[in-house]
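Structure below is data-v5.txt: compact mmCIF, C-alpha atoms and all ligand atoms.
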```
# COMPACT_ATOMS: atom_id res chain seq x y z
CA MET A 1 -19.83 14.20 -16.67
CA TRP A 2 -20.60 11.78 -13.85
CA GLN A 3 -24.32 11.65 -14.62
CA GLN A 4 -23.59 10.72 -18.22
CA ARG A 5 -21.04 8.14 -17.22
CA ILE A 6 -23.27 6.55 -14.64
CA HIS A 7 -26.14 6.47 -17.13
CA LYS A 8 -23.95 4.72 -19.68
CA MET A 9 -22.80 2.21 -17.10
CA GLU A 10 -26.42 1.55 -16.11
CA GLN A 11 -27.13 0.61 -19.71
CA THR A 12 -24.13 -1.72 -19.68
CA ALA A 13 -25.35 -3.24 -16.41
CA VAL A 14 -28.72 -3.95 -18.02
CA ARG A 15 -27.03 -5.45 -21.08
CA VAL A 16 -24.87 -7.82 -19.05
CA GLY A 17 -27.87 -8.87 -16.97
CA ILE A 18 -27.20 -7.30 -13.56
CA GLU A 19 -30.40 -7.22 -11.50
CA PRO A 20 -31.78 -3.70 -10.83
CA GLU A 21 -31.13 -3.87 -7.08
CA PHE A 22 -27.44 -4.62 -7.64
CA ARG A 23 -26.80 -2.13 -10.46
CA MET A 24 -25.70 0.88 -8.42
CA ALA A 25 -23.44 -1.26 -6.25
CA ALA A 26 -21.85 -2.73 -9.39
CA ILE A 27 -21.30 0.73 -10.87
CA ARG A 28 -19.73 1.94 -7.67
CA ARG A 29 -17.31 -0.98 -7.72
CA VAL A 30 -16.15 0.05 -11.16
CA LEU A 31 -15.82 3.73 -10.20
CA VAL A 32 -14.20 3.10 -6.84
CA PRO A 33 -12.55 -0.30 -7.20
CA PRO A 34 -12.51 -2.09 -3.85
CA THR A 35 -8.94 -3.15 -4.38
CA GLY A 36 -5.70 -2.62 -2.59
CA THR A 37 -2.74 -4.70 -1.64
CA ILE A 38 -2.21 -5.67 1.95
CA HIS A 39 0.64 -7.26 3.85
CA CYS A 40 0.45 -9.38 6.97
CA SER A 41 3.39 -10.54 9.08
CA ALA A 42 2.82 -12.93 11.95
CA LEU A 43 4.67 -14.47 14.87
CA ASN A 44 3.16 -17.46 16.64
CA GLU A 45 3.59 -18.73 20.19
CA LYS A 46 6.32 -21.13 19.07
CA GLY A 47 8.35 -18.21 17.74
CA GLU A 48 7.70 -19.12 14.10
CA MET A 49 7.35 -16.25 11.66
CA SER A 50 5.29 -15.97 8.54
CA GLY A 51 4.48 -13.25 6.07
CA THR A 52 2.18 -12.73 3.13
CA THR A 53 1.41 -9.94 0.70
CA THR A 54 -1.68 -10.15 -1.48
CA THR A 55 -0.98 -9.96 -5.19
CA SER A 56 -1.24 -6.42 -6.32
CA GLY A 57 -4.60 -4.80 -5.79
CA LEU A 58 -3.72 -1.83 -7.93
CA ALA A 59 -6.71 -0.80 -10.02
CA TRP A 60 -6.41 -0.41 -13.80
CA LYS A 61 -3.04 -2.07 -14.01
CA ILE A 62 -1.13 -2.30 -17.27
CA PRO A 63 -1.82 -5.83 -18.59
CA GLY A 64 1.03 -8.10 -17.59
CA ARG A 65 2.27 -5.86 -14.80
CA LEU A 66 3.07 -7.89 -11.71
CA GLY A 67 3.89 -5.21 -9.20
CA ASP A 68 6.11 -5.84 -6.20
CA SER A 69 3.81 -8.17 -4.24
CA PRO A 70 4.81 -11.45 -5.89
CA ILE A 71 8.52 -10.61 -5.91
CA ILE A 72 10.11 -12.13 -2.83
CA GLY A 73 12.36 -9.51 -1.26
CA ALA A 74 10.34 -6.59 -2.64
CA GLY A 75 6.68 -6.81 -1.51
CA CYS A 76 7.35 -9.52 1.06
CA TYR A 77 10.27 -11.13 2.85
CA THR A 78 10.33 -13.34 5.92
CA ASP A 79 12.98 -15.40 7.59
CA GLN A 80 13.04 -17.42 10.79
CA ASP A 81 16.12 -15.75 12.29
CA ILE A 82 15.33 -12.05 12.14
CA GLY A 83 11.80 -11.14 11.13
CA SER A 84 9.35 -10.26 8.44
CA ALA A 85 8.46 -7.22 6.36
CA GLY A 86 6.12 -6.29 3.57
CA ALA A 87 4.83 -3.35 1.62
CA THR A 88 1.92 -1.61 0.05
CA GLY A 89 2.36 1.34 -2.26
CA SER A 90 4.19 2.19 -5.46
CA GLY A 91 5.49 -1.21 -6.47
CA GLU A 92 8.09 -0.08 -9.00
CA GLU A 93 9.83 2.03 -6.36
CA ASN A 94 9.80 -0.81 -3.90
CA ILE A 95 11.31 -3.25 -6.39
CA LYS A 96 14.18 -0.81 -7.01
CA VAL A 97 15.18 -0.86 -3.33
CA SER A 98 14.22 -4.52 -2.62
CA GLY A 99 12.24 -3.00 0.24
CA ALA A 100 11.19 -5.98 2.35
CA HIS A 101 14.57 -7.70 2.09
CA THR A 102 16.42 -4.47 2.81
CA ILE A 103 14.37 -4.05 5.99
CA VAL A 104 14.99 -7.57 7.27
CA GLU A 105 18.71 -7.26 6.50
CA ASN A 106 18.79 -3.89 8.27
CA MET A 107 17.37 -5.54 11.37
CA ARG A 108 19.94 -8.33 11.03
CA ARG A 109 22.62 -5.67 11.29
CA GLY A 110 21.07 -4.32 14.48
CA MET A 111 18.56 -1.65 13.43
CA SER A 112 15.21 -1.47 15.21
CA PRO A 113 12.09 -2.15 13.10
CA LEU A 114 11.48 1.61 12.89
CA GLU A 115 15.04 2.42 11.80
CA ALA A 116 15.06 -0.46 9.33
CA GLY A 117 11.82 0.72 7.69
CA MET A 118 12.89 4.34 7.63
CA ASP A 119 16.14 3.40 5.93
CA ALA A 120 14.25 1.64 3.11
CA LEU A 121 12.03 4.73 2.67
CA LYS A 122 15.13 6.93 2.52
CA ARG A 123 16.48 4.74 -0.28
CA ILE A 124 13.30 5.41 -2.27
CA ALA A 125 13.66 9.15 -1.62
CA ARG A 126 17.32 9.02 -2.58
CA ASN A 127 16.37 7.56 -5.98
CA TYR A 128 14.59 10.88 -6.62
CA ASN A 129 17.36 13.03 -5.14
CA ASN A 130 14.93 13.69 -2.27
CA ASP A 131 12.87 15.86 -4.63
CA ARG A 132 9.52 16.03 -2.85
CA ASN A 133 7.74 17.45 -5.87
CA ARG A 134 8.37 14.18 -7.67
CA LEU A 135 8.11 12.00 -4.60
CA ARG A 136 4.58 13.28 -4.04
CA PHE A 137 3.38 10.96 -6.78
CA ILE A 138 4.76 7.96 -4.92
CA ASP A 139 3.76 6.41 -1.63
CA MET A 140 4.89 3.45 0.37
CA THR A 141 3.91 1.79 3.61
CA TYR A 142 6.16 -0.81 5.19
CA TYR A 143 4.97 -3.29 7.80
CA VAL A 144 7.83 -4.57 9.93
CA LEU A 145 7.84 -7.33 12.56
CA ARG A 146 10.91 -8.55 14.38
CA LYS A 147 11.35 -12.05 15.76
CA ASP A 148 10.97 -10.78 19.35
CA GLY A 149 7.60 -9.17 18.55
CA ALA A 150 8.87 -5.59 18.17
CA TYR A 151 7.18 -3.96 15.21
CA ALA A 152 6.82 -0.74 13.23
CA GLY A 153 4.66 0.74 10.50
CA VAL A 154 6.33 3.41 8.41
CA SER A 155 5.26 5.36 5.35
CA LEU A 156 6.76 7.79 2.90
CA TRP A 157 3.95 10.32 3.43
CA THR A 158 1.48 10.84 6.28
CA GLY A 159 -1.49 9.73 4.17
CA TYR A 160 -3.45 10.13 0.96
CA ASP A 161 -5.41 13.02 2.44
CA PRO A 162 -5.11 14.97 5.68
CA THR A 163 -8.02 13.16 7.34
CA THR A 164 -6.89 9.63 6.51
CA PRO A 165 -3.38 8.90 7.80
CA HIS A 166 -1.73 5.63 6.85
CA ARG A 167 -2.28 3.06 9.56
CA ILE A 168 -1.34 -0.52 10.30
CA ALA A 169 -3.43 -3.08 12.15
CA ILE A 170 -1.87 -4.88 15.10
CA HIS A 171 -3.11 -7.88 17.03
CA ASP A 172 -1.01 -8.95 20.01
CA GLY A 173 -3.85 -9.89 22.29
CA THR A 174 -5.62 -6.60 21.69
CA ARG A 175 -6.62 -5.42 18.25
CA ARG A 176 -5.87 -1.87 17.25
CA LEU A 177 -4.90 0.46 14.44
CA GLU A 178 -1.75 2.54 14.76
CA GLN A 179 -0.71 5.45 12.63
CA THR A 180 2.50 4.93 10.69
CA VAL A 181 5.60 7.01 11.29
CA ALA A 182 6.03 9.08 8.13
CA LEU A 183 9.32 10.10 6.55
CA PHE A 184 7.68 13.19 5.04
CA GLN A 185 4.86 15.12 6.66
CA GLY A 186 2.12 15.75 4.13
CA THR A 187 -0.05 13.90 1.67
CA SER A 188 0.85 12.04 -1.46
CA ASN A 189 -0.95 12.62 -4.75
CA GLU A 190 -2.79 9.83 -6.42
CA TRP A 191 -1.35 8.96 -9.80
CA PRO A 192 -3.01 8.97 -12.24
CA PRO A 193 -5.20 11.67 -10.60
CA MET A 194 -8.82 10.66 -10.06
CA PRO A 195 -11.63 13.22 -10.15
CA ASP A 196 -13.89 13.37 -7.09
CA ILE A 197 -16.56 10.72 -7.31
CA PRO A 198 -20.05 11.79 -6.24
CA LYS A 199 -21.37 10.17 -3.05
N1 LIG A 201 2.21 -2.55 -4.36
C1 LIG A 201 1.14 -2.75 -5.31
C2 LIG A 201 1.70 -2.65 -6.70
O1 LIG A 201 2.48 -1.77 -6.98
C3 LIG A 201 0.02 -1.78 -5.20
C4 LIG A 201 -0.59 -1.63 -3.84
O2 LIG A 201 0.11 -1.70 -2.83
O3 LIG A 201 -1.80 -1.41 -3.74
O4 LIG A 201 1.32 -3.40 -7.54
```
Take the structure in the file and give it back as structure tokens.
Ligand code: ASP
Amino acid sequence: MWQQRIHKMEQTAVRVGIEPEFRMAAIRRVLVPPTGTIHCSALNEKGEMSGTTTTSGLAWKIPGRLGDSPIIGAGCYTDQDIGSAGATGSGEENIKVSGAHTIVENMRRGMSPLEAGMDALKRIARNYNNDRNRLRFIDMTYYVLRKDGAYAGVSLWTGYDPTTPHRIAIHDGTRRLEQTVALFQGTSNEWPPMPDIPK
């Protein structure tokens, strides 16, 4: 039904006055929304920490849904004594475990960034009795930075598909992408499921 759908959207694009050269790009943006939440934690040369999480980039959200991003302690938490953490993924699950705050508090009690992040992921899994069939419809990536510069990127699953593992971007003089450490090996399922979109 893609042809039909695209044709209908072309008519809408004409009606709302989108110029012909921009129509396909506009349609693609509706079909594959260029959205997505991202977190960034930073440590400057003075040892000051900061953290930010963009307000939820989830496509087709229920009107009024906030997600975890704007909730301090869930999508983002930073303090000047211990470190900073943030999240992208299934917001409701993250709110239930106060993910970012849990991670910073874990580090306060001596866990490494990796252990602290893994513990928060395990709390999400525990809420589903570790049932992977249900957990497959959830995913979570945590970005963790400690006050001394130690960091970790962890995720519930390896990635959304086998060829695209979850990764975090690091800049500590050199820029690079690093694959997250996953609690479960395998891919998560998108929910609600999306049909393949033609190239
Ligand atoms: N965490 C966001 C939310 O649940 C979604 C995302 O990370 O893209 O609203």
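Each of A:Pro63, A:Gly83, A:Gly57, A:Pro34 was checked against ligand LIG 201 (chain A) using only C-alpha atoms and all ligand atoms; the smallest atom-to-atom distance is that of A:Gly57.
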List as a short mmCIF file (atom, residue, chain, number, x, y, z; two decimals) with C-alpha atoms, in the frame of the given file the protein and nucleic acid residues near Arg146 of chain A, meaning an atom at most 9 Å away when only C-alpha atoms are counted, but skip any in the same chain fewer than 2 places from it.
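What landed in around13.cif:
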```cif
data_model
loop_
_atom_site.label_atom_id
_atom_site.label_comp_id
_atom_site.auth_asym_id
_atom_site.auth_seq_id
_atom_site.Cartn_x
_atom_site.Cartn_y
_atom_site.Cartn_z
CA LEU A 43 4.67 -14.47 14.87
CA MET A 49 7.35 -16.25 11.66
CA ILE A 82 15.33 -12.05 12.14
CA GLY A 83 11.80 -11.14 11.13
CA SER A 84 9.35 -10.26 8.44
CA ALA A 85 8.46 -7.22 6.36
CA VAL A 104 14.99 -7.57 7.27
CA MET A 107 17.37 -5.54 11.37
CA SER A 112 15.21 -1.47 15.21
CA PRO A 113 12.09 -2.15 13.10
CA VAL A 144 7.83 -4.57 9.93
CA ASP A 148 10.97 -10.78 19.35
CA GLY A 149 7.60 -9.17 18.55
CA ALA A 150 8.87 -5.59 18.17
CA TYR A 151 7.18 -3.96 15.21
CA ALA A 152 6.82 -0.74 13.23
#
```
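Taking only C-alpha atoms into account, Glu48 of chain A lies nearest to A:Leu145 out of the set A:Met140, A:Arg109, A:Leu145, A:Gly75.
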| task | Show me which residues sit within 12 Å of ligand LIG 201 (chain A) when counting all atoms listed in the file, and put them as a ChimeraX atom specification. | result | /A:33-39,53-71,74-76,86-96,99-100,138-143,155,190-191
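Counting from atom CA of Asn130 of chain A, the distance to atom CA of Pro165 of chain A is 21.4 Å.
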| query | When distances are computed from only C-alpha atoms, which of A:Gly17, A:Thr187, A:Gln11, A:Arg175 shows the smallest separation from Thr163 of chain A? | reply | A:Thr187
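With all atoms listed in the file as the atoms that count, the minimum distance from Thr158 of chain A to the choices A:Gly47, A:Glu178, A:Glu10, A:Leu183 is reached by A:Leu183.
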Could I get segment 65-82 of chain A rebuilt with N, CA and C atoms, written as a PDB file, in the coordinates of the input?
```pdb
ATOM      1  N   ARG A  65       1.480  -6.413 -15.910  1.00  0.00           N
ATOM      2  CA  ARG A  65       2.270  -5.860 -14.800  1.00  0.00           C
ATOM      3  C   ARG A  65       2.072  -6.733 -13.557  1.00  0.00           C
ATOM      4  N   LEU A  66       3.165  -7.071 -12.909  1.00  0.00           N
ATOM      5  CA  LEU A  66       3.070  -7.890 -11.710  1.00  0.00           C
ATOM      6  C   LEU A  66       3.037  -7.056 -10.447  1.00  0.00           C
ATOM      7  N   GLY A  67       3.752  -5.973 -10.442  1.00  0.00           N
ATOM      8  CA  GLY A  67       3.890  -5.210  -9.200  1.00  0.00           C
ATOM      9  C   GLY A  67       4.942  -5.860  -8.314  1.00  0.00           C
ATOM     10  N   ASP A  68       5.072  -5.346  -7.111  1.00  0.00           N
ATOM     11  CA  ASP A  68       6.110  -5.840  -6.200  1.00  0.00           C
ATOM     12  C   ASP A  68       5.646  -7.007  -5.336  1.00  0.00           C
ATOM     13  N   SER A  69       4.317  -7.153  -5.186  1.00  0.00           N
ATOM     14  CA  SER A  69       3.810  -8.170  -4.240  1.00  0.00           C
ATOM     15  C   SER A  69       4.377  -9.559  -4.469  1.00  0.00           C
ATOM     16  N   PRO A  70       4.369 -10.066  -5.713  1.00  0.00           N
ATOM     17  CA  PRO A  70       4.810 -11.450  -5.890  1.00  0.00           C
ATOM     18  C   PRO A  70       6.330 -11.603  -5.957  1.00  0.00           C
ATOM     19  N   ILE A  71       7.061 -10.509  -5.836  1.00  0.00           N
ATOM     20  CA  ILE A  71       8.520 -10.610  -5.910  1.00  0.00           C
ATOM     21  C   ILE A  71       9.072 -10.726  -4.493  1.00  0.00           C
ATOM     22  N   ILE A  72       9.580 -11.901  -4.181  1.00  0.00           N
ATOM     23  CA  ILE A  72      10.110 -12.130  -2.830  1.00  0.00           C
ATOM     24  C   ILE A  72      11.301 -11.200  -2.626  1.00  0.00           C
ATOM     25  N   GLY A  73      11.284 -10.478  -1.528  1.00  0.00           N
ATOM     26  CA  GLY A  73      12.360  -9.510  -1.260  1.00  0.00           C
ATOM     27  C   GLY A  73      11.901  -8.093  -1.550  1.00  0.00           C
ATOM     28  N   ALA A  74      10.862  -7.936  -2.373  1.00  0.00           N
ATOM     29  CA  ALA A  74      10.340  -6.590  -2.640  1.00  0.00           C
ATOM     30  C   ALA A  74       9.070  -6.389  -1.794  1.00  0.00           C
ATOM     31  N   GLY A  75       7.951  -6.991  -2.234  1.00  0.00           N
ATOM     32  CA  GLY A  75       6.680  -6.810  -1.510  1.00  0.00           C
ATOM     33  C   GLY A  75       6.588  -7.630  -0.244  1.00  0.00           C
ATOM     34  N   CYS A  76       7.435  -8.630  -0.105  1.00  0.00           N
ATOM     35  CA  CYS A  76       7.350  -9.520   1.060  1.00  0.00           C
ATOM     36  C   CYS A  76       8.675 -10.235   1.283  1.00  0.00           C
ATOM     37  N   TYR A  77       9.082 -10.323   2.517  1.00  0.00           N
ATOM     38  CA  TYR A  77      10.270 -11.130   2.850  1.00  0.00           C
ATOM     39  C   TYR A  77      10.186 -11.540   4.315  1.00  0.00           C
ATOM     40  N   THR A  78      10.424 -12.812   4.555  1.00  0.00           N
ATOM     41  CA  THR A  78      10.330 -13.340   5.920  1.00  0.00           C
ATOM     42  C   THR A  78      11.445 -14.339   6.134  1.00  0.00           C
ATOM     43  N   ASP A  79      12.104 -14.270   7.255  1.00  0.00           N
ATOM     44  CA  ASP A  79      12.980 -15.400   7.590  1.00  0.00           C
ATOM     45  C   ASP A  79      12.794 -15.757   9.056  1.00  0.00           C
ATOM     46  N   GLN A  80      13.306 -16.914   9.432  1.00  0.00           N
ATOM     47  CA  GLN A  80      13.040 -17.420  10.790  1.00  0.00           C
ATOM     48  C   GLN A  80      14.069 -16.940  11.801  1.00  0.00           C
ATOM     49  N   ASP A  81      15.087 -16.209  11.351  1.00  0.00           N
ATOM     50  CA  ASP A  81      16.120 -15.750  12.290  1.00  0.00           C
ATOM     51  C   ASP A  81      15.880 -14.334  12.762  1.00  0.00           C
ATOM     52  N   ILE A  82      15.370 -13.489  11.859  1.00  0.00           N
ATOM     53  CA  ILE A  82      15.330 -12.050  12.140  1.00  0.00           C
ATOM     54  C   ILE A  82      13.913 -11.486  12.186  1.00  0.00           C
TER      55      ILE A  82
END
```
